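Undergrad: Contents of my_file_15.txt (compact mmCIF, C-alpha atoms and all ligand atoms) are given next:
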```txt
# COMPACT_ATOMS: atom_id res chain seq x y z
CA MET A 145 -64.77 -26.48 -61.04
CA LEU A 146 -62.91 -28.56 -58.49
CA ASN A 147 -59.59 -27.60 -60.10
CA VAL A 148 -60.47 -23.90 -60.00
CA MET A 149 -61.35 -24.08 -56.29
CA LYS A 150 -58.14 -25.98 -55.62
CA SER A 151 -56.13 -23.34 -57.49
CA VAL A 152 -57.77 -20.55 -55.47
CA GLN A 153 -57.09 -22.50 -52.30
CA ILE A 154 -53.40 -22.87 -53.20
CA ASP A 155 -53.16 -19.16 -54.04
CA LEU A 156 -54.65 -18.35 -50.66
CA TYR A 157 -52.16 -20.63 -48.91
CA LEU A 158 -49.28 -19.01 -50.79
CA ALA A 159 -50.56 -15.52 -50.00
CA MET A 160 -50.97 -16.37 -46.31
CA THR A 161 -47.52 -18.01 -46.20
CA LEU A 162 -45.98 -14.96 -47.83
CA PHE A 163 -47.85 -12.68 -45.43
CA TRP A 164 -46.59 -14.53 -42.34
CA MET A 165 -43.06 -14.65 -43.74
CA VAL A 166 -43.08 -10.87 -44.13
CA ILE A 167 -44.46 -10.48 -40.58
CA ALA A 168 -41.73 -12.81 -39.24
CA ILE A 169 -38.93 -10.94 -41.06
CA VAL A 170 -40.20 -7.57 -39.79
CA ALA A 171 -40.44 -8.94 -36.23
CA LEU A 172 -36.92 -10.39 -36.40
CA CYS A 173 -35.55 -7.05 -37.61
CA MET A 174 -37.23 -5.28 -34.72
CA ILE A 175 -35.95 -7.59 -31.98
CA ALA A 176 -32.46 -8.29 -33.40
CA PRO A 177 -29.79 -6.63 -31.23
CA LYS A 178 -28.04 -3.73 -32.89
CA ALA A 179 -24.38 -4.22 -33.81
CA LYS A 180 -22.30 -3.17 -30.80
CA ASN A 181 -20.08 -0.19 -31.40
CA LYS A 182 -17.05 -0.68 -29.17
CA ASP A 183 -16.40 3.07 -29.29
CA ALA A 184 -20.00 3.97 -28.54
CA ASP A 185 -18.97 5.84 -25.42
CA VAL A 186 -16.61 8.09 -27.37
CA LYS A 187 -18.05 11.39 -28.55
CA ILE A 188 -16.20 12.41 -31.68
CA GLU A 189 -17.25 16.05 -31.37
CA GLY A 190 -14.61 16.52 -28.67
CA LEU A 191 -11.33 17.83 -29.98
CA LEU A 192 -8.77 19.05 -27.49
CA ARG A 193 -5.08 19.78 -27.81
CA VAL A 194 -2.94 19.49 -24.69
CA VAL A 195 0.44 21.18 -24.95
CA MET A 196 3.19 20.69 -22.37
CA THR A 197 6.28 22.90 -22.55
CA TYR A 198 9.34 23.48 -20.42
CA ASP A 199 12.55 25.49 -20.72
CA ASP A 200 13.77 25.04 -24.30
CA MET A 201 17.38 25.43 -23.14
CA SER A 202 17.27 22.59 -20.61
CA ASP A 203 18.25 18.98 -21.28
CA ASP A 204 15.56 17.63 -18.95
CA ASP A 205 13.29 14.85 -20.15
CA ILE A 206 9.79 15.59 -18.93
CA ASP A 207 6.85 13.43 -20.02
CA LEU A 208 3.21 14.34 -20.54
CA HIS A 209 0.67 11.73 -19.45
CA ILE A 210 -3.12 11.71 -19.81
CA LYS A 211 -5.19 8.99 -18.18
CA ALA A 212 -8.62 8.42 -19.77
CA PRO A 213 -11.80 7.40 -17.91
CA ASN A 214 -11.43 3.82 -19.19
CA GLY A 215 -8.00 3.52 -17.52
CA GLN A 216 -5.98 3.76 -20.72
CA GLU A 217 -3.11 6.22 -20.67
CA VAL A 218 -1.31 8.09 -23.40
CA TYR A 219 2.39 8.79 -22.79
CA PHE A 220 5.77 8.15 -24.43
CA ASN A 221 5.39 4.36 -24.22
CA ALA A 222 1.80 4.36 -25.56
CA LYS A 223 1.55 7.20 -28.06
CA VAL A 224 -1.98 6.20 -29.11
CA ALA A 225 -4.61 5.40 -26.48
CA ALA A 226 -8.35 5.98 -26.03
CA GLY A 227 -8.61 8.44 -28.92
CA MET A 228 -5.55 10.38 -27.75
CA PHE A 229 -2.36 10.82 -29.79
CA LEU A 230 1.06 11.96 -28.51
CA ASP A 231 3.17 13.60 -31.20
CA LEU A 232 6.57 12.67 -29.79
CA ASP A 233 8.56 12.03 -26.64
CA ASP A 234 10.70 15.14 -26.29
CA VAL A 235 13.77 13.90 -24.44
CA GLY A 236 15.56 17.24 -24.16
CA PHE A 237 18.49 18.15 -26.41
CA ALA A 238 18.53 14.80 -28.21
CA SER A 239 15.17 15.63 -29.82
CA ASP A 240 16.36 18.97 -31.18
CA THR A 241 18.55 17.95 -34.10
CA MET A 242 16.98 17.60 -37.53
CA GLN A 243 18.40 17.02 -40.95
CA GLY A 244 17.99 19.91 -43.36
CA LEU A 245 17.20 19.58 -47.06
CA ASP A 246 20.92 19.92 -47.76
CA GLY A 247 21.63 16.99 -45.47
CA LYS A 248 23.24 19.15 -42.82
CA PRO A 249 22.02 19.01 -39.23
CA ILE A 250 19.80 21.79 -37.94
CA ILE A 251 19.44 22.32 -34.21
CA ILE A 252 16.17 23.86 -32.99
CA ARG A 253 16.00 24.09 -29.22
CA LYS A 254 12.46 23.15 -28.28
CA ASN A 255 10.99 21.22 -25.37
CA GLU A 256 7.37 20.41 -26.08
CA GLU A 257 5.01 17.44 -26.08
CA ILE A 258 1.52 17.63 -27.60
CA VAL A 259 -1.41 15.29 -27.17
CA THR A 260 -4.37 15.65 -29.53
CA MET A 261 -7.58 14.20 -28.14
CA ARG A 262 -9.79 13.27 -31.09
CA GLY A 263 -12.49 11.58 -29.10
CA LEU A 264 -13.83 12.26 -25.64
CA MET A 265 -15.52 9.62 -23.54
CA ASN A 266 -17.69 10.31 -20.53
CA GLY A 267 -15.83 10.38 -17.24
CA GLU A 268 -12.72 11.87 -15.67
CA TYR A 269 -9.45 12.57 -17.48
CA ILE A 270 -6.23 13.20 -15.53
CA VAL A 271 -3.48 15.31 -17.08
CA PHE A 272 -0.11 15.04 -15.36
CA CYS A 273 3.62 15.14 -15.97
CA HIS A 274 6.60 13.06 -14.94
CA ALA A 275 10.26 13.93 -14.46
CA TRP A 276 12.06 11.17 -16.33
CA ARG A 277 15.41 12.94 -16.28
CA LEU A 278 16.41 16.19 -14.63
CA ASN A 279 19.69 17.87 -15.43
CA SER A 280 18.60 21.13 -13.91
CA PRO A 281 17.83 21.54 -10.20
CA GLN A 282 14.24 22.42 -11.01
CA SER A 283 12.12 22.32 -14.12
CA LYS A 284 9.10 24.58 -14.56
CA VAL A 285 6.58 22.75 -16.71
CA LYS A 286 3.58 24.42 -18.31
CA CYS A 287 0.41 22.76 -19.53
CA GLU A 288 -2.08 24.49 -21.84
CA ILE A 289 -5.31 23.02 -23.16
CA PHE A 290 -7.06 24.26 -26.28
CA ASP A 291 -10.49 23.34 -27.58
CA ILE A 292 -9.74 23.17 -31.29
CA LYS A 293 -13.36 22.93 -32.39
CA THR A 294 -14.60 26.00 -30.54
CA LYS A 295 -11.21 27.74 -30.67
CA ARG A 296 -11.25 28.28 -26.93
CA TYR A 297 -8.24 28.49 -24.65
CA VAL A 298 -9.46 26.14 -21.97
CA TYR A 299 -6.76 25.92 -19.35
CA SER A 300 -3.22 26.82 -18.32
CA LYS A 301 -1.13 25.76 -15.34
CA SER A 302 2.55 25.56 -14.45
CA VAL A 303 4.15 23.16 -11.96
CA ASP A 304 7.70 22.72 -10.68
CA LEU A 305 9.51 19.39 -10.81
CA HIS A 306 12.67 19.06 -8.72
CA LEU A 307 12.99 15.31 -8.16
CA VAL A 308 13.67 12.57 -10.70
CA ARG A 309 10.61 10.28 -11.09
CA GLN A 310 8.40 12.94 -9.57
CA TYR A 311 4.78 13.26 -10.76
CA LYS A 312 2.78 16.47 -10.73
CA THR A 313 -0.88 16.77 -11.64
CA PHE A 314 -1.94 19.60 -13.95
CA ILE A 315 -5.68 19.08 -13.92
CA ARG A 316 -8.51 16.59 -13.79
CA PHE A 317 -11.57 17.28 -15.92
CA VAL A 318 -14.87 15.48 -16.26
CA VAL A 319 -16.50 15.05 -19.67
CA GLU A 320 -20.17 14.54 -20.39
CA ASP A 321 -21.42 14.24 -23.98
CA GLY A 322 -18.21 15.67 -25.40
CA LYS A 323 -18.09 18.68 -23.10
CA ILE A 324 -16.02 19.46 -20.00
CA VAL A 325 -18.52 19.86 -17.18
CA SER A 326 -16.17 20.15 -14.17
CA THR A 327 -12.50 20.34 -13.22
CA ASN A 328 -10.43 19.82 -10.10
CA ASN A 329 -6.78 19.70 -9.06
CA LEU A 330 -6.72 16.59 -6.88
CA ASP A 331 -3.22 15.14 -6.89
CA TYR A 332 -2.68 11.89 -8.78
CA GLN A 333 0.23 9.54 -8.09
CA PRO A 334 0.40 6.36 -10.21
CA ASP A 335 1.28 3.36 -8.08
CA GLY A 336 4.87 2.61 -8.93
CA VAL A 337 4.37 3.11 -12.66
CA LEU A 338 7.66 3.71 -14.46
CA ASN A 339 9.61 3.82 -11.18
CA CA B 401 9.73 13.41 -22.63
CA CA B 402 13.82 19.04 -26.93
```
Take the structure I supplied and represent it as structure tokens, if you would.
Ligand SMILES: [Ca+2]
Ligand SMILES: [Ca+2]

TA:
Amino acid sequence: MLNVMKSVQIDLYLAMTLFWMVIAIVALCMIAPKAKNKDADVKIEGLLRVVMTYDDMSDDDIDLHIKAPNGQEVYFNAKVAAGMFLDLDDVGFASDTMQGLDGKPIIIRKNEEIVTMRGLMNGEYIVFCHAWRLNSPQSKVKCEIFDIKTKRYVYSKSVDLHLVRQYKTFIRFVVEDGKIVSTNNLDYQPDGVLN
């Protein structure tokens, strides 16, 4: 009889221990901090393409820059930054020669730089250009922005560059939850960058 009672007592202890272990594990799961996603502020639903073009027949080297809300900047020297990707640094004529399938050079006159923005974070983006080299007295530079996801033509603006190392701002736009909620044209001049 004593052994039976002792066995029941041990079973009760084990059951209670198991019960409190389950309670403790559940509580720990509830209070444990979630793994931090370093890109948590980036909304992947944003998908913009920024296209900068200038006279295909000029040998100017104009550069497209986009500064993200976190301070990172995509441009020829940082072709990947803050979810933005620059296809190439078009340097004028030197970018226009390709090798054909027969091994012979093919020249296609084209002056274009494209940034694809695959993630949008909340805050203000600044889109601007820079005259790295000017062989013509003035270069008219056009910027067009397309929303690839919604197939919308978002923006277009042309500026004139006539001084080497000159910056011109195309647009600033503010993003909230993957959407552009406001724009402005306030001028932006990086402090001595690249000069
Ligand atoms: Ca360039
Ligand atoms: Ca070119």

Undergrad: Name the residues in contact with A:Glu320 at a cut-off of 6 Å, using all atoms listed in the file, excluding same-chain residues fewer than 2 positions from it; report them as a list in words.

TA: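 Neighbouring residues, sequence-local ones excluded: Asn266, Gly322 and Lys323 of chain A.
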
Undergrad: Those selected residues, please, written with C-alpha atoms and delivered as a PDB file, in the frame of the given file.

TA:
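For reference, result.pdb as written:
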```
ATOM      1  CA  ASN A 266     -17.690  10.310 -20.530  1.00  0.00           C
ATOM      2  CA  GLY A 322     -18.210  15.670 -25.400  1.00  0.00           C
ATOM      3  CA  LYS A 323     -18.090  18.680 -23.100  1.00  0.00           C
TER       4      LYS A 323
END
```

Undergrad: Find the residue from A:Asn214, A:Ser300, A:Thr260, A:Ser280 that sits nearest to A:Ala226; use all atoms listed in the file when measuring.

TA: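 The closest residue to A:Ala226 is A:Asn214.
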
Undergrad: Considering all atoms listed in the file, state which residue in the set A:Gly244, A:Gly263, A:Pro334, A:Gly236 is at the smallest distance from ligand CA 402 (chain B).

TA: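 Once distances to ligand CA 402 (chain B) are computed over all atoms listed in the file, the minimum belongs to A:Gly236.
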
Undergrad: Nearest to ligand CA 402 (chain B): which of A:Val319, A:Met196, A:Ala222, A:Leu330 is it, counting all atoms listed in the file?

TA: A:Met196

Undergrad: For ligand CA 401 (chain B), collect every residue having any atom at a distance of at most 10 Å from a ligand atom (counting all atoms listed in the file); output as a list in words.

TA: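 The residues within 10 Å of ligand CA 401 (chain B), counting all atoms listed in the file, are Met196, Asp204, Asp205, Ile206, Asp207, Leu208, His209, Tyr219, Phe220, Leu232, Asp233, Asp234, Val235, Gly236, Ser239, Asn255, Glu256, Glu257, Cys273, His274, Ala275, Trp276 and Arg277 of chain A.
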
Undergrad: Please report the interatomic distance between atom CA of A:Gly267 and atom CA of A:Lys293 in Å with one decimal.

TA: 19.8 Å
